[in-house]
Structures are given as structure tokens and as C-alpha cells.
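*Asks:* To be precise about what I am sending: the file is called my_file30.pdb and holds PDB, C-alpha atoms and all ligand atoms.
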```pdb
MODEL        1
ATOM      1  CA  MET C 115      -3.569  13.328  21.865
ATOM      2  CA  GLY C 116      -3.445  13.713  25.614
ATOM      3  CA  GLN C 117      -1.008  12.017  27.874
ATOM      4  CA  GLY C 118       0.252   8.514  27.561
ATOM      5  CA  ASP C 119       1.612   5.895  29.864
ATOM      6  CA  VAL C 120       5.327   5.815  29.112
ATOM      7  CA  ALA C 121       6.028   2.767  31.295
ATOM      8  CA  HIS C 122       3.428   0.843  29.321
ATOM      9  CA  GLY C 123       4.961   2.220  26.135
ATOM     10  CA  LYS C 124       8.383   0.897  27.102
ATOM     11  CA  GLN C 125       6.936  -2.500  27.862
ATOM     12  CA  LEU C 126       5.254  -2.594  24.426
ATOM     13  CA  PHE C 127       8.414  -1.340  22.700
ATOM     14  CA  LEU C 128      10.175  -4.441  24.046
ATOM     15  CA  ALA C 129       7.292  -6.895  23.628
ATOM     16  CA  THR C 130       7.267  -9.332  20.737
ATOM     17  CA  THR C 131       4.126  -9.387  18.597
ATOM     18  CA  SER C 132       3.180 -11.417  15.538
ATOM     19  CA  LYS C 133       4.592  -8.531  13.464
ATOM     20  CA  GLY C 134       7.882  -8.389  15.373
ATOM     21  CA  SER C 135       9.009  -5.921  17.993
ATOM     22  CA  CYS C 136      10.224  -2.359  17.802
ATOM     23  CA  ALA C 137      13.293  -3.431  19.779
ATOM     24  CA  SER C 138      14.216  -6.143  17.285
ATOM     25  CA  CYS C 139      14.687  -3.578  14.524
ATOM     26  CA  HIS C 140      15.704  -0.416  16.381
ATOM     27  CA  THR C 141      18.502   0.587  18.679
ATOM     28  CA  LEU C 142      17.297   2.610  21.657
ATOM     29  CA  ALA C 143      19.711   2.963  24.553
ATOM     30  CA  ASP C 144      17.083   3.318  27.254
ATOM     31  CA  ALA C 145      15.407   0.073  26.159
ATOM     32  CA  LYS C 146      18.833  -1.596  25.829
ATOM     33  CA  SER C 147      17.771  -2.667  22.346
ATOM     34  CA  THR C 148      20.311  -3.058  19.576
ATOM     35  CA  GLY C 149      18.284  -3.785  16.411
ATOM     36  CA  THR C 150      19.875  -2.477  13.234
ATOM     37  CA  LEU C 151      17.293  -3.100  10.495
ATOM     38  CA  GLY C 152      15.687   0.270  11.158
ATOM     39  CA  PRO C 153      17.332   3.585  12.058
ATOM     40  CA  ASN C 154      18.914   4.076  15.471
ATOM     41  CA  LEU C 155      16.179   5.971  17.313
ATOM     42  CA  ASP C 156      18.587   7.727  19.677
ATOM     43  CA  ASP C 157      20.264   9.265  16.633
ATOM     44  CA  ALA C 158      16.995   9.844  14.789
ATOM     45  CA  PHE C 159      15.606  12.147  17.456
ATOM     46  CA  SER C 160      18.694  13.769  18.901
ATOM     47  CA  SER C 161      18.675  16.612  16.381
ATOM     48  CA  SER C 162      14.951  17.227  16.968
ATOM     49  CA  LYS C 163      15.718  17.433  20.674
ATOM     50  CA  ALA C 164      18.634  19.772  20.103
ATOM     51  CA  GLN C 165      16.339  22.000  18.031
ATOM     52  CA  GLY C 166      13.923  22.137  20.935
ATOM     53  CA  PHE C 167      11.005  20.210  19.431
ATOM     54  CA  SER C 168       8.405  19.461  22.052
ATOM     55  CA  GLU C 169       7.982  15.934  23.308
ATOM     56  CA  GLN C 170       4.456  15.955  21.914
ATOM     57  CA  THR C 171       5.640  16.894  18.432
ATOM     58  CA  MET C 172       8.159  14.062  18.423
ATOM     59  CA  ALA C 173       5.551  11.666  19.785
ATOM     60  CA  ASP C 174       3.264  12.694  16.928
ATOM     61  CA  VAL C 175       5.993  11.882  14.427
ATOM     62  CA  VAL C 176       6.525   8.445  15.967
ATOM     63  CA  ARG C 177       2.754   7.906  16.036
ATOM     64  CA  GLY C 178       2.616   8.743  12.332
ATOM     65  CA  GLN C 179       5.494   6.390  11.661
ATOM     66  CA  ILE C 180       3.734   3.493  13.418
ATOM     67  CA  ALA C 181       0.656   4.026  11.243
ATOM     68  CA  TYR C 182       2.399   4.879   7.965
ATOM     69  CA  PRO C 183       5.849   3.296   7.856
ATOM     70  CA  GLU C 184       7.785   2.305   4.784
ATOM     71  CA  GLU C 185       8.846  -1.257   4.047
ATOM     72  CA  PRO C 186      10.131  -3.260   5.790
ATOM     73  CA  MET C 187       8.650  -1.717   8.937
ATOM     74  CA  PRO C 188       5.202  -3.262   9.393
ATOM     75  CA  ALA C 189       2.250  -0.868   9.702
ATOM     76  CA  ASN C 190       0.098  -0.667  12.792
ATOM     77  CA  ILE C 191       2.018  -3.045  15.028
ATOM     78  CA  TYR C 192       0.054  -1.205  17.682
ATOM     79  CA  ARG C 193      -2.994   1.007  17.429
ATOM     80  CA  GLY C 194      -4.871   3.500  19.540
ATOM     81  CA  GLN C 195      -3.675   4.187  23.066
ATOM     82  CA  ASP C 196      -0.961   1.509  22.840
ATOM     83  CA  ALA C 197       0.574   3.292  19.860
ATOM     84  CA  ARG C 198       0.323   6.626  21.655
ATOM     85  CA  ASP C 199       2.061   5.185  24.714
ATOM     86  CA  ILE C 200       4.951   3.852  22.639
ATOM     87  CA  ALA C 201       5.218   7.103  20.742
ATOM     88  CA  LEU C 202       5.455   9.069  23.965
ATOM     89  CA  TYR C 203       7.999   6.641  25.359
ATOM     90  CA  VAL C 204      10.224   6.948  22.275
ATOM     91  CA  ALA C 205       9.851  10.735  22.253
ATOM     92  CA  ARG C 206      10.852  10.966  25.903
ATOM     93  CA  CYS C 207      13.698   8.454  25.982
ATOM     94  CA  ALA C 208      15.315   8.576  22.522
ATOM     95  CA  GLY C 209      18.779  10.010  23.016
ATOM     96  CA  ASN C 210      18.090  10.164  26.743
ATOM     97  CA  PRO C 211      18.887   6.868  28.480
ATOM     98  CA  SER C 212      18.500   8.570  31.849
ATOM     99  CA  CYS C 213      14.829   9.342  31.208
ATOM    100  CA  GLY C 214      14.002   7.146  34.185
ATOM    101  CA  VAL C 215      11.198   5.087  32.642
ATOM    102  CA  THR C 216      10.897   1.551  33.940
ATOM    103  CA  ALA C 217       8.884  -0.988  31.983
ATOM    104  CA  GLU C 218       5.970  -2.794  33.595
ATOM    105  CA  THR C 219       6.005  -1.190  37.014
ATOM    106  CA  ALA C 220       3.554   1.619  36.593
ATOM    107  CA  ALA C 221       5.773   4.604  37.123
ATOM    108  CA  PRO C 222       4.002   7.501  38.813
ATOM    109  CA  PRO C 223       2.671   9.666  36.018
ATOM    110  CA  THR C 224       5.064  12.526  35.562
ATOM    111  CA  LYS C 225       2.674  15.371  35.162
ATOM    112  CA  SER C 226       3.964  16.754  31.929
ATOM    113  CA  THR C 227       1.643  18.502  29.577
ATOM    114  CA  SER C 228       4.825  20.421  28.845
ATOM    115  CA  THR C 229       4.005  21.391  25.286
ATOM    116  CA  SER C 230       0.965  23.611  25.395
ATOM    117  CA  THR C 231       2.698  26.740  26.567
ATOM    118  CA  SER C 232       2.414  28.676  23.359
ATOM    119  CA  THR C 233       3.441  32.139  24.314
ATOM    120  CA  THR C 234       1.654  34.606  22.123
ATOM    121  CA  PRO C 235       4.374  36.308  20.127
ATOM    122  CA  ALA C 236       4.192  40.044  19.835
ATOM    123  CA  ALA C 237       5.092  40.176  16.166
ATOM    124  CA  LYS C 238       3.220  38.275  13.454
ATOM    125  CA  PRO C 239       4.668  34.755  13.480
ATOM    126  CA  ASP C 240       6.760  33.603  10.538
ATOM    127  CA  GLY C 241       4.838  30.837   8.770
ATOM    128  CA  LYS C 242       7.965  29.110   7.548
ATOM    129  CA  ALA C 243       9.398  29.043  11.070
ATOM    130  CA  VAL C 244       6.115  27.635  12.370
ATOM    131  CA  PHE C 245       6.193  24.949   9.674
ATOM    132  CA  THR C 246       9.661  23.922  10.813
ATOM    133  CA  LYS C 247       8.988  24.214  14.525
ATOM    134  CA  ALA C 248       5.756  22.226  14.386
ATOM    135  CA  GLY C 249       7.476  19.407  12.498
ATOM    136  CA  CYS C 250       5.183  19.608   9.436
ATOM    137  CA  GLY C 251       8.233  18.871   7.311
ATOM    138  CA  SER C 252       8.809  15.509   8.943
ATOM    139  CA  CYS C 253       5.578  14.336   7.330
ATOM    140  CA  HIS C 254       5.178  16.585   4.289
ATOM    141  CA  THR C 255       7.225  17.545   1.280
ATOM    142  CA  LEU C 256       7.265  21.308   0.671
ATOM    143  CA  LYS C 257      10.105  22.676  -1.418
ATOM    144  CA  ALA C 258       9.823  26.205  -0.009
ATOM    145  CA  ALA C 259      10.527  24.805   3.461
ATOM    146  CA  GLY C 260      13.202  22.409   2.217
ATOM    147  CA  SER C 261      11.266  19.426   3.557
ATOM    148  CA  SER C 262      10.811  15.997   2.053
ATOM    149  CA  GLY C 263       8.583  14.083   4.490
ATOM    150  CA  ASN C 264       6.290  11.494   2.976
ATOM    151  CA  VAL C 265       3.969  10.406   5.776
ATOM    152  CA  GLY C 266       1.335  12.882   4.565
ATOM    153  CA  PRO C 267       0.557  14.213   1.089
ATOM    154  CA  ASN C 268       3.151  16.185  -0.889
ATOM    155  CA  LEU C 269       2.002  19.780  -0.385
ATOM    156  CA  ASP C 270       3.666  21.003  -3.584
ATOM    157  CA  GLN C 271       1.438  18.630  -5.527
ATOM    158  CA  LEU C 272      -1.653  19.175  -3.383
ATOM    159  CA  LYS C 273      -1.455  23.004  -3.486
ATOM    160  CA  PRO C 274      -4.083  23.336  -0.761
ATOM    161  CA  PRO C 275      -5.901  26.648  -0.304
ATOM    162  CA  LYS C 276      -5.196  28.493   2.927
ATOM    163  CA  ALA C 277      -8.523  27.609   4.553
ATOM    164  CA  THR C 278      -7.889  23.898   3.950
ATOM    165  CA  VAL C 279      -4.464  24.088   5.548
ATOM    166  CA  ALA C 280      -5.743  26.034   8.544
ATOM    167  CA  HIS C 281      -8.582  23.582   9.084
ATOM    168  CA  GLN C 282      -6.319  20.529   8.738
ATOM    169  CA  VAL C 283      -3.760  21.976  11.154
ATOM    170  CA  GLU C 284      -6.450  22.809  13.703
ATOM    171  CA  VAL C 285      -8.267  19.514  13.735
ATOM    172  CA  GLY C 286      -5.792  17.043  12.220
ATOM    173  CA  GLY C 287      -7.187  13.931  10.588
ATOM    174  CA  GLY C 288      -5.948  10.630   9.277
ATOM    175  CA  ALA C 289      -2.538  10.104  10.836
ATOM    176  CA  MET C 290      -2.041  13.827  11.212
ATOM    177  CA  PRO C 291      -2.234  15.195  14.743
ATOM    178  CA  ALA C 292      -4.260  18.294  15.594
ATOM    179  CA  PHE C 293      -2.086  21.287  16.435
ATOM    180  CA  LYS C 294      -4.748  23.407  18.069
ATOM    181  CA  GLY C 295      -3.318  23.231  21.595
ATOM    182  CA  GLN C 296       0.262  23.582  20.412
ATOM    183  CA  LEU C 297       0.069  26.453  17.973
ATOM    184  CA  SER C 298      -1.630  29.770  18.610
ATOM    185  CA  ALA C 299      -4.341  30.990  16.248
ATOM    186  CA  ALA C 300      -1.839  33.469  14.804
ATOM    187  CA  GLU C 301       0.701  30.705  14.210
ATOM    188  CA  ILE C 302      -1.897  28.520  12.487
ATOM    189  CA  ASP C 303      -2.892  31.450  10.312
ATOM    190  CA  ALA C 304       0.750  32.129   9.456
ATOM    191  CA  VAL C 305       1.614  28.542   8.594
ATOM    192  CA  ALA C 306      -1.560  28.193   6.503
ATOM    193  CA  ALA C 307      -0.692  31.335   4.551
ATOM    194  CA  PHE C 308       2.886  30.142   4.099
ATOM    195  CA  VAL C 309       1.819  26.764   2.707
ATOM    196  CA  ALA C 310      -0.920  28.197   0.482
ATOM    197  CA  ASP C 311       1.419  30.860  -0.926
ATOM    198  CA  ASN C 312       4.415  28.604  -1.492
ATOM    199  CA  ALA C 313       3.132  25.137  -2.415
ATOM    200  CA  GLY C 314       4.170  24.132  -5.902
ATOM    201  CA  LYS C 315       6.715  26.942  -6.212
TER     202      LYS C 315
HETATM  203  C1  LIG V   1      10.882  -5.232  10.795
HETATM  204  C2  LIG V   1      11.677  -4.162  11.386
HETATM  205  C3  LIG V   1      10.985  -3.002  12.084
HETATM  206  C4  LIG V   1      10.092  -3.056  13.128
HETATM  207  C5  LIG V   1       9.477  -4.299  13.770
HETATM  208  C6  LIG V   1       9.858  -1.687  13.520
HETATM  209  N1  LIG V   1      10.558  -0.827  12.707
HETATM  210 FE1  LIG V   1      10.584   1.212  12.852
HETATM  211  N2  LIG V   1      11.650   1.308  11.115
HETATM  212  C7  LIG V   1      12.154   0.222  10.419
HETATM  213  C8  LIG V   1      12.788   0.692   9.207
HETATM  214  C9  LIG V   1      13.476  -0.179   8.162
HETATM  215  C10 LIG V   1      12.638   2.100   9.193
HETATM  216  C11 LIG V   1      13.095   3.081   8.103
HETATM  217  C12 LIG V   1      12.020   3.141   7.034
HETATM  218  C13 LIG V   1      11.022   4.203   7.321
HETATM  219  O1  LIG V   1      11.406   5.340   7.615
HETATM  220  O2  LIG V   1       9.801   3.937   7.283
HETATM  221  C14 LIG V   1      11.945   2.457  10.432
HETATM  222  C15 LIG V   1      11.669   3.760  10.836
HETATM  223  C16 LIG V   1      11.186   4.112  12.099
HETATM  224  C17 LIG V   1      11.107   5.449  12.626
HETATM  225  C18 LIG V   1      11.554   6.709  11.903
HETATM  226  C19 LIG V   1      12.988   6.977  12.272
HETATM  227  C20 LIG V   1      13.539   8.181  11.543
HETATM  228  O3  LIG V   1      14.744   8.159  11.221
HETATM  229  O4  LIG V   1      12.785   9.140  11.306
HETATM  230  C21 LIG V   1      10.556   5.376  13.867
HETATM  231  C22 LIG V   1      10.264   6.510  14.816
HETATM  232  C23 LIG V   1      10.280   3.975  14.122
HETATM  233  N3  LIG V   1      10.669   3.248  13.023
HETATM  234  C24 LIG V   1       9.710   3.486  15.277
HETATM  235  C25 LIG V   1       9.302   2.170  15.450
HETATM  236  C26 LIG V   1       8.481   1.702  16.544
HETATM  237  C27 LIG V   1       7.981   2.563  17.690
HETATM  238  C28 LIG V   1       8.272   0.354  16.331
HETATM  239  C29 LIG V   1       7.396  -0.597  17.148
HETATM  240  C30 LIG V   1       5.979  -0.230  17.218
HETATM  241  C31 LIG V   1       8.974  -0.007  15.106
HETATM  242  N4  LIG V   1       9.581   1.111  14.602
HETATM  243  C32 LIG V   1       9.030  -1.302  14.565
HETATM  244  C33 LIG V   1      12.069  -1.113  10.802
HETATM  245  C34 LIG V   1      11.250  -1.597  11.807
HETATM  246  C1  LIG V   2       2.768  12.947  11.929
HETATM  247  C2  LIG V   2       2.716  13.347  10.536
HETATM  248  C3  LIG V   2       2.142  14.703  10.169
HETATM  249  C4  LIG V   2       2.487  15.947  10.665
HETATM  250  C5  LIG V   2       3.490  16.246  11.796
HETATM  251  C6  LIG V   2       1.744  16.901   9.891
HETATM  252  N1  LIG V   2       0.962  16.263   8.976
HETATM  253 FE1  LIG V   2      -0.268  17.163   7.644
HETATM  254  N2  LIG V   2      -0.992  15.336   7.075
HETATM  255  C7  LIG V   2      -0.513  14.121   7.515
HETATM  256  C8  LIG V   2      -1.307  13.046   6.926
HETATM  257  C9  LIG V   2      -1.100  11.555   7.150
HETATM  258  C10 LIG V   2      -2.290  13.680   6.129
HETATM  259  C11 LIG V   2      -3.397  13.015   5.329
HETATM  260  C12 LIG V   2      -4.591  12.954   6.254
HETATM  261  C13 LIG V   2      -5.771  12.278   5.621
HETATM  262  O1  LIG V   2      -5.627  11.707   4.556
HETATM  263  O2  LIG V   2      -6.837  12.354   6.258
HETATM  264  C14 LIG V   2      -2.037  15.118   6.238
HETATM  265  C15 LIG V   2      -2.768  16.080   5.549
HETATM  266  C16 LIG V   2      -2.420  17.418   5.467
HETATM  267  C17 LIG V   2      -3.013  18.386   4.580
HETATM  268  C18 LIG V   2      -4.097  18.098   3.542
HETATM  269  C19 LIG V   2      -5.474  18.407   4.058
HETATM  270  C20 LIG V   2      -6.526  18.157   3.009
HETATM  271  O3  LIG V   2      -7.700  18.372   3.345
HETATM  272  O4  LIG V   2      -6.192  17.753   1.902
HETATM  273  C21 LIG V   2      -2.395  19.579   4.822
HETATM  274  C22 LIG V   2      -2.675  20.896   4.108
HETATM  275  C23 LIG V   2      -1.441  19.369   5.877
HETATM  276  N3  LIG V   2      -1.473  18.044   6.249
HETATM  277  C24 LIG V   2      -0.610  20.360   6.409
HETATM  278  C25 LIG V   2       0.213  20.171   7.531
HETATM  279  C26 LIG V   2       0.875  21.241   8.241
HETATM  280  C27 LIG V   2       0.859  22.693   7.845
HETATM  281  C28 LIG V   2       1.530  20.654   9.295
HETATM  282  C29 LIG V   2       2.318  21.338  10.418
HETATM  283  C30 LIG V   2       1.561  22.257  11.227
HETATM  284  C31 LIG V   2       1.296  19.219   9.202
HETATM  285  N4  LIG V   2       0.478  18.970   8.139
HETATM  286  C32 LIG V   2       1.835  18.281  10.079
HETATM  287  C33 LIG V   2       0.545  13.933   8.384
HETATM  288  C34 LIG V   2       1.164  14.923   9.127
ENDMDL
END
```
Translate the structure of the given file into C-alpha cells.

*Replies:*
Amino acid sequence: MGQGDVAHGKQLFLATTSKGSCASCHTLADAKSTGTLGPNLDDAFSSSKAQGFSEQTMADVVRGQIAYPEEPMPANIYRGQDARDIALYVARCAGNPSCGVTAETAAPPTKSTSTSTSTTPAAKPDGKAVFTKAGCGSCHTLKAAGSSGNVGPNLDQLKPPKATVAHQVEVGGGAMPAFKGQLSAAEIDAVAAFVADNAGK
């Protein structure tokens, strides 16, 4: 997904569109917004932050949410790069009002590709741990991982073969981000095997 312009994202988060504004429905301390129709975004992402999810993973979740929300959140308030910018802004500043992002004034791009430091683990990675770490569960239901996400298909019902999972995780598709730069080949293999072996059980 590349980098985004967080200052632009903040500006869009606050901007009013024909479908409403993120700020009107969501509380986010950094944006000084106090909407209550939707979940408080500071709270929504604080546990992900505490668990050490990468900014990119959280941004991907927000990006998925913008494209595939549930009522009454309108779908696709923003698309393309605009949606990516907002997603990155929310990922960076949720639960972190001192993130230092100022709307409008183009803040100097903080060179943060942060996420793609996947250290190759010595031992074979644990597919279930990868599933949790990569945030698959925020979008997919899979009983074996205790997840109940519903942005993407229910994996217990889909029962995808391993090759399908591995391919989907590598390249993404639909609202699903590609994980190629974030997960090592061994991690992708492990998570694919985990899903294929446990879906529907
Ligand atoms: C009309 C009100 C409304 C607007 C406008 C709105 N949302 Fe939401 N949002 C909701 C509601 C209600 C939910 C909970 C339902 C759901 O999960 O889909 C939600 C859920 C979310 C979540 C998931 C939070 C969680 O607990 O996992 C994120 C992230 C989010 N919205 C971001 C945004 C962003 C970014 C925008 C602007 C592009 C936006 N929302 C615009 C009402 C709104
Ligand atoms: C931001 C939300 C999101 C995340 C995170 C996510 N997915 Fe998905 N996933 C989706 C969506 C949406 C689809 C449906 C894509 C489509 O219809 O093209 C999907 C599709 C799939 C499919 C079905 C592929 C097929 O060909 O039928 C599999 C398997 C899958 N995801 C596994 C995973 C795994 C494993 C992870 C974690 C590494 C993951 N997903 C992370 C949203 C997500």
C-alpha cells in the first residue's frame, strides 16, 4: 500500500462530505472529534497498539473498514489514495494524541516504512501466531483462532485450500491488503497451512 500523507488524512478525517464526516461519528483525541455514533477510535486501536501491531496492519484494517463498513457507517466515503491517507492517519494517531500530525499544512513526510522489518525467525513460525499478529482475525472469522471478523469471507465456511490462502495472503485482492512485504515466505506458508488445516473445525 505504500506510504500515505497523514496530514492530508487528518484533513479528510475532519472534512464534511455528502456522506458525512468521520469526525461526526467517531471520537479521536488527536482530531479533537467527539462523535459517538461509531466506536471511539482511540479505544478501538489501543489494544492493537499494546499488542504491537504495526502501523501498516492497523491502517489496512481501517482501509478495509472504509470500504466494507456495517450500517450505519457509509461505505467508500473516500476511495483510493484519500482512503489510504485517512487510514494511515487513524493508525498513527488513534490512542496517541501527541502523534504530531497537523491538518492541511503538509507536514514533512516522516520517513516511516517501519513495518517491513520481518526478521527471519530461526524456528518454523507458528501459523496461528502469524494469523493473530497479521490481523487476519480482524477481517475473518476462524474458530480455531478465536476470531470473528466479518470484513472478509468466513474462513470456516470457505475452507480454502492451502495454496489459495498462500496466494491470497501474498497478493491480497478486493479489500484485502497484500502481506508480501510484511510476512516472510515462511510465515505465509505457516499461516496458509494453519488456515487450511483448521478451517471448519
Ligand atoms: C454515520 C456515522 C459514521 C461515519 C460518517 C463514519 N463512521 Fe466509522 N463507524 C461507524 C459505526 C456505527 C461503526 C461500527 C459499525 C462497524 O463496525 O462497521 C464504525 C466503525 C468504524 C471503525 C471500526 C472500529 C472498530 O471498533 O473496529 C473504524 C476504523 C471506522 N469506523 C473509521 C471511520 C473513518 C476513517 C471514517 C471516515 C472515512 C468513518 N469511520 C466514518 C459510524 C460512522
Ligand atoms: C483488511 C481486512 C482483511 C485482512 C486484514 C485480511 N483479509 Fe483476507 N480477505 C479480505 C477480503 C475483503 C477478502 C475477499 C476478497 C475478494 O473478494 O476479492 C479476503 C479474502 C481472503 C481469502 C479468500 C481467498 C479466495 O480466493 O477465496 C482468504 C483465504 C483470506 N482472505 C485469508 C486471510 C489471511 C490468512 C489473512 C492474514 C494474513 C487475511 N486474510 C487478512 C479481507 C482481509

*Asks:* Given all atoms listed in the file, how would the per-residue table for chain C near ligand LIG 2 (chain V) read, listing every residue at most 8 Å away with its closest atom pair and distance in Å to one decimal, sorted by chain and number, as a tab-separated table?

*Replies:*
```
residue	atom	partner	partner_atom	distance
C:Thr171	CA	V:LIG2	C5	7.0
C:Asp174	CA	V:LIG2	C1	5.0
C:Val175	CA	V:LIG2	C1	4.2
C:Val176	CA	V:LIG2	C1	7.1
C:Arg177	CA	V:LIG2	C1	6.5
C:Gly178	CA	V:LIG2	C1	4.2
C:Gln179	CA	V:LIG2	C1	7.1
C:Tyr182	CA	V:LIG2	C9	7.6
C:Val244	CA	V:LIG2	C30	7.1
C:Phe245	CA	V:LIG2	C29	5.3
C:Thr246	CA	V:LIG2	C29	7.8
C:Ala248	CA	V:LIG2	C30	5.3
C:Gly249	CA	V:LIG2	C5	5.1
C:Cys250	CA	V:LIG2	C29	3.5
C:Gly251	CA	V:LIG2	C32	7.0
C:Ser252	CA	V:LIG2	C5	6.1
C:Cys253	CA	V:LIG2	C2	4.4
C:His254	CA	V:LIG2	N1	6.3
C:Val265	CA	V:LIG2	C9	5.4
C:Gly266	CA	V:LIG2	C8	3.5
C:Pro267	CA	V:LIG2	C10	5.8
C:Leu269	CA	V:LIG2	C22	6.6
C:Leu272	CA	V:LIG2	O4	7.1
C:Lys273	CA	V:LIG2	C22	8.0
C:Pro274	CA	V:LIG2	C22	5.6
C:Pro275	CA	V:LIG2	C22	7.9
C:Thr278	CA	V:LIG2	O3	5.6
C:Val279	CA	V:LIG2	C22	3.9
C:Ala280	CA	V:LIG2	C27	7.4
C:His281	CA	V:LIG2	O3	7.8
C:Gln282	CA	V:LIG2	C19	5.2
C:Val283	CA	V:LIG2	C30	5.3
C:Gly286	CA	V:LIG2	FE1	7.2
C:Gly287	CA	V:LIG2	O2	4.6
C:Gly288	CA	V:LIG2	O2	3.6
C:Ala289	CA	V:LIG2	C9	4.2
C:Met290	CA	V:LIG2	C33	3.8
C:Pro291	CA	V:LIG2	C1	6.2
C:Phe293	CA	V:LIG2	C30	6.4
C:Ile302	CA	V:LIG2	C30	7.3
C:Val305	CA	V:LIG2	C27	5.9
C:Ala306	CA	V:LIG2	C27	6.2
C:Val309	CA	V:LIG2	C27	6.6
```

*Asks:* Using the chain letters and numbers from this file, what does the PyMOL selection byres (((chain C and resi 167-170) around 12) and not hetatm) select? Give the answer as number ranges by chain.

*Replies:* C: 115-118, 120, 159-166, 171-177, 198-199, 201-208, 226-232, 244-250, 252, 291-293, 295-297

*Asks:* Could you save the residues just selected, with C-alpha atoms, as a CSV table (one decimal), keeping the file's coordinate frame?

*Replies:*
```csv
chain,number,residue,atom,x,y,z
C,115,MET,CA,-3.6,13.3,21.9
C,116,GLY,CA,-3.4,13.7,25.6
C,117,GLN,CA,-1.0,12.0,27.9
C,118,GLY,CA,0.3,8.5,27.6
C,120,VAL,CA,5.3,5.8,29.1
C,159,PHE,CA,15.6,12.1,17.5
C,160,SER,CA,18.7,13.8,18.9
C,161,SER,CA,18.7,16.6,16.4
C,162,SER,CA,15.0,17.2,17.0
C,163,LYS,CA,15.7,17.4,20.7
C,164,ALA,CA,18.6,19.8,20.1
C,165,GLN,CA,16.3,22.0,18.0
C,166,GLY,CA,13.9,22.1,20.9
C,171,THR,CA,5.6,16.9,18.4
C,172,MET,CA,8.2,14.1,18.4
C,173,ALA,CA,5.6,11.7,19.8
C,174,ASP,CA,3.3,12.7,16.9
C,175,VAL,CA,6.0,11.9,14.4
C,176,VAL,CA,6.5,8.4,16.0
C,177,ARG,CA,2.8,7.9,16.0
C,198,ARG,CA,0.3,6.6,21.7
C,199,ASP,CA,2.1,5.2,24.7
C,201,ALA,CA,5.2,7.1,20.7
C,202,LEU,CA,5.5,9.1,24.0
C,203,TYR,CA,8.0,6.6,25.4
C,204,VAL,CA,10.2,6.9,22.3
C,205,ALA,CA,9.9,10.7,22.3
C,206,ARG,CA,10.9,11.0,25.9
C,207,CYS,CA,13.7,8.5,26.0
C,208,ALA,CA,15.3,8.6,22.5
C,226,SER,CA,4.0,16.8,31.9
C,227,THR,CA,1.6,18.5,29.6
C,228,SER,CA,4.8,20.4,28.8
C,229,THR,CA,4.0,21.4,25.3
C,230,SER,CA,1.0,23.6,25.4
C,231,THR,CA,2.7,26.7,26.6
C,232,SER,CA,2.4,28.7,23.4
C,244,VAL,CA,6.1,27.6,12.4
C,245,PHE,CA,6.2,24.9,9.7
C,246,THR,CA,9.7,23.9,10.8
C,247,LYS,CA,9.0,24.2,14.5
C,248,ALA,CA,5.8,22.2,14.4
C,249,GLY,CA,7.5,19.4,12.5
C,250,CYS,CA,5.2,19.6,9.4
C,252,SER,CA,8.8,15.5,8.9
C,291,PRO,CA,-2.2,15.2,14.7
C,292,ALA,CA,-4.3,18.3,15.6
C,293,PHE,CA,-2.1,21.3,16.4
C,295,GLY,CA,-3.3,23.2,21.6
C,296,GLN,CA,0.3,23.6,20.4
C,297,LEU,CA,0.1,26.5,18.0
```

*Asks:* Figure out the distance between CA of Pro211 in chain C and atom N1 of ligand LIG 1 (chain V), please, to one decimal in Å.

*Replies:* 19.4 Å

*Asks:* Which chains and residue numbers are within 8 Å of ligand LIG 1 (chain V), counting all atoms listed in the file, if I want them as a PyMOL selection string?

*Replies:* chain C and resi 126-127+133-140+151-155+157-159+175-177+179-180+182-188+190-192+197+200-201+204+252

*Asks:* Could you state the separation of CA of Ala243 in chain C and CA of Ser262 in chain C in Å, given to one decimal place?

*Replies:*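 Spanning CA of Ala243 in chain C to CA of Ser262 in chain C is a straight-line distance of 15.9 Å.
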
*Asks:* Around range 247-264 of chain C, fit a box with edges along x, y and z, padding it by 4 Å on each side, then list its centre and edge lengths in Å to one decimal as JSON.

*Replies:*
```
{"center_x": 9.2, "center_y": 18.8, "center_z": 6.6, "size_x": 16.0, "size_y": 22.7, "size_z": 23.9}
```
